[in-house]
Amino acid sequence: MRRRALHGVVGLVVYGLVAGTAVARADVVLDWNTIMMSTLATQNPFAQARFAAITETAVFEAVNAITGDDDPYLGTVTAPPGASAEAAAAAAAHGVLTNYFPASAASLDAALVTSLAAIPDGQAKDDGVAVGEAAAAAMIADRTNDGSAPPQFYTPTSTDPGQWQLTPGCTAGVFLHWRDLKPFGVLRTDQFRPGPPPALTSGLYTKVYDEVKTVGAVDSTVRPQDRTDVAQYFAVASAPHVWNQAARQVSAAEERSLSENARTFALLNMALSDGLASVMEAKYHYVFWRPYTAIRAGDTDGNPRTDPDPTWNPLISTPCFPGYPSAHAVASYAARKIAEKTLGSGTIDVTLSHPGVPDVTLHYTRFSQITDDIDDARVFGGIHFRSDQDAGGKQGLGIGGYVYHHNLRPR
């Protein structure tokens with residue numbers, strides 16, 4: 001475990017200063033990515049990913065209608081010659097966010113005024129705003145009746161070993177309907193469904209059972225402090241929060257163009273949303289139990305090597321849906337694939353923070369270190385078997401690769 005401790009650093013950092021490092025060098029795409037994530041902060045991770053994908057594909061569609069650098073997403077938005085791409089990006093993000101979050105209209109309107117004030121008045125600016133508004137309207141229309149509502153819930157139908165059961169605080173399995181969410185970049189949510197979880201009597205299951213039982217318990221005496229930190233950090237930091245923050249910092253440091261940033265953040269958030277929709281399809285296909293249930297019922301699984309502990313509790317709260325595969329893994333590995341393809345797989349300088357855990361900051365020099373910590377976070381947090389993470393990582397890489405190779409391709 002010591003090899004991973006090198007990139008988990010604990011310290012007192014003001015959240016706004018960390019986030020502001022990227023914003024200080026940002027273009028309008030990065031500015032509005034920050035505004036977007038602030039607007040979405042109170043949403044659950046699944047809604048965050050969906051709204052972020054709608055926003056960023058609208059921004060991309062607006063910018064690309066003017067630059068023509070890449071294949072379009074919808075291809076229905078046109079732009080007159082000379083239209084301002086900066087104005088289009090700001091207007092597109094503003095249009096999407098005010099549509100879904102009218103209570104935030106005042107702050108979003110003020111942000112738009114600020115963005116447009118930096119652009120000279122004239123026909124180019126006016127045309128850019130019109131293009132952005134058209135892109136926002138097109139994406140909003142495209143996502144009407146996309147399966148995000150009404151909510152559906154799952155009630156366990158079996159108490160057999162291996163089957164998911166309600167865990168503390170849960171009255172039903174949530175986000176059942178997310179398995180049918182209309183994808184942004186893949187063809188179907190079952191397109192990259194992983195194979196089944198390990199058999200309860202297998203050596204692999206015994207290994208992952210013993211690991212989470214030992215290091216994931218709330219009272220574990222062998223869990224290092226840095227693994228406790230990452231478990232608590234990623235318990236509150238959603239995949240959209242993590243990967244948009246990381247990508248902003250790298251994009252700002254590389255001083256990438258407006259068009260490049262528009263494409264990167266569209267692909268990134270498409271992959272995040274498709275990852276979370278796809279993982280719910282897989283979770284409710286296998287309905288595999290969580291460590292909380294498995295360890296307390298270890299004497300019922302037919303495996304003589306899995307010693308039960310009827311009083312076992314995890315470090316962090318168990319989510320109210322099945323365990324296999326890991327949602328944070330699928331979404332994060334999908335996002336990592338996009339980040340490495342668009343921003344590079346070399347050395348980076350990223351510091352992650354979240355206001356929910358103000359005493360923890362994490363520093364990374366590779367995108368792969370982020371997914372390493374996410375895998376550890378879920379196991380050391382006691383809510384996932386390592387096999388959940390491994391399957392989720394493979395599924396996420398497949399989703400990210402498909403989204404990258406089949407969408408928004410450079411011309």
# chains A, B, ... in the order shown; residues from 1 in each chain; ligands from 1

$ closest_atom_pairs --of "stretch 136-233 of chain A" --to "stretch 342-356 of chain A" --cutoff "12 Å" --atoms "only C-alpha atoms" --output "tab-separated table"
residue	atom	partner	partner_atom	distance
A:Asp229	CA	A:Ser353	CA	11.7
A:Val230	CA	A:Leu352	CA	10.9
A:Gln232	CA	A:Gly356	CA	9.4
A:Tyr233	CA	A:His354	CA	7.5

$ write_last_selection --atoms "C-alpha atoms" --output "short mmCIF file (atom, residue, chain, number, x, y, z; two decimals), in the first residue's frame"
data_model
loop_
_atom_site.label_atom_id
_atom_site.label_comp_id
_atom_site.auth_asym_id
_atom_site.auth_seq_id
_atom_site.Cartn_x
_atom_site.Cartn_y
_atom_site.Cartn_z
CA ASP A 229 -8.37 9.76 3.75
CA VAL A 230 -8.99 8.58 0.19
CA GLN A 232 -13.56 9.54 2.97
CA TYR A 233 -12.64 11.88 0.11
#

$ select_by_dssp --residues "stretch 102-241 of chain A" --states "alpha helix (DSSP H)" --output "ChimeraX atom specification"
/A:105-117,123-142,203-215,225-236,239-241

$ residues_around --residues "stretch 314-317 of chain A" --least-positions-apart "2" --cutoff "7 Å" --atoms "only C-alpha atoms" --output "VMD selection string"
chain A and resid 216 to 218 292 312 319 381 to 383

$ residues_around --residues "A:Thr78" --least-positions-apart "5" --cutoff "8 Å" --atoms "only C-alpha atoms" --output "list of chain:residue names"
A:Ala65, A:Ile66, A:Val131

$ atom_distance --atom1 "atom CA of A:Ala103" --atom2 "atom CA of A:Gln43"
13.6 Å
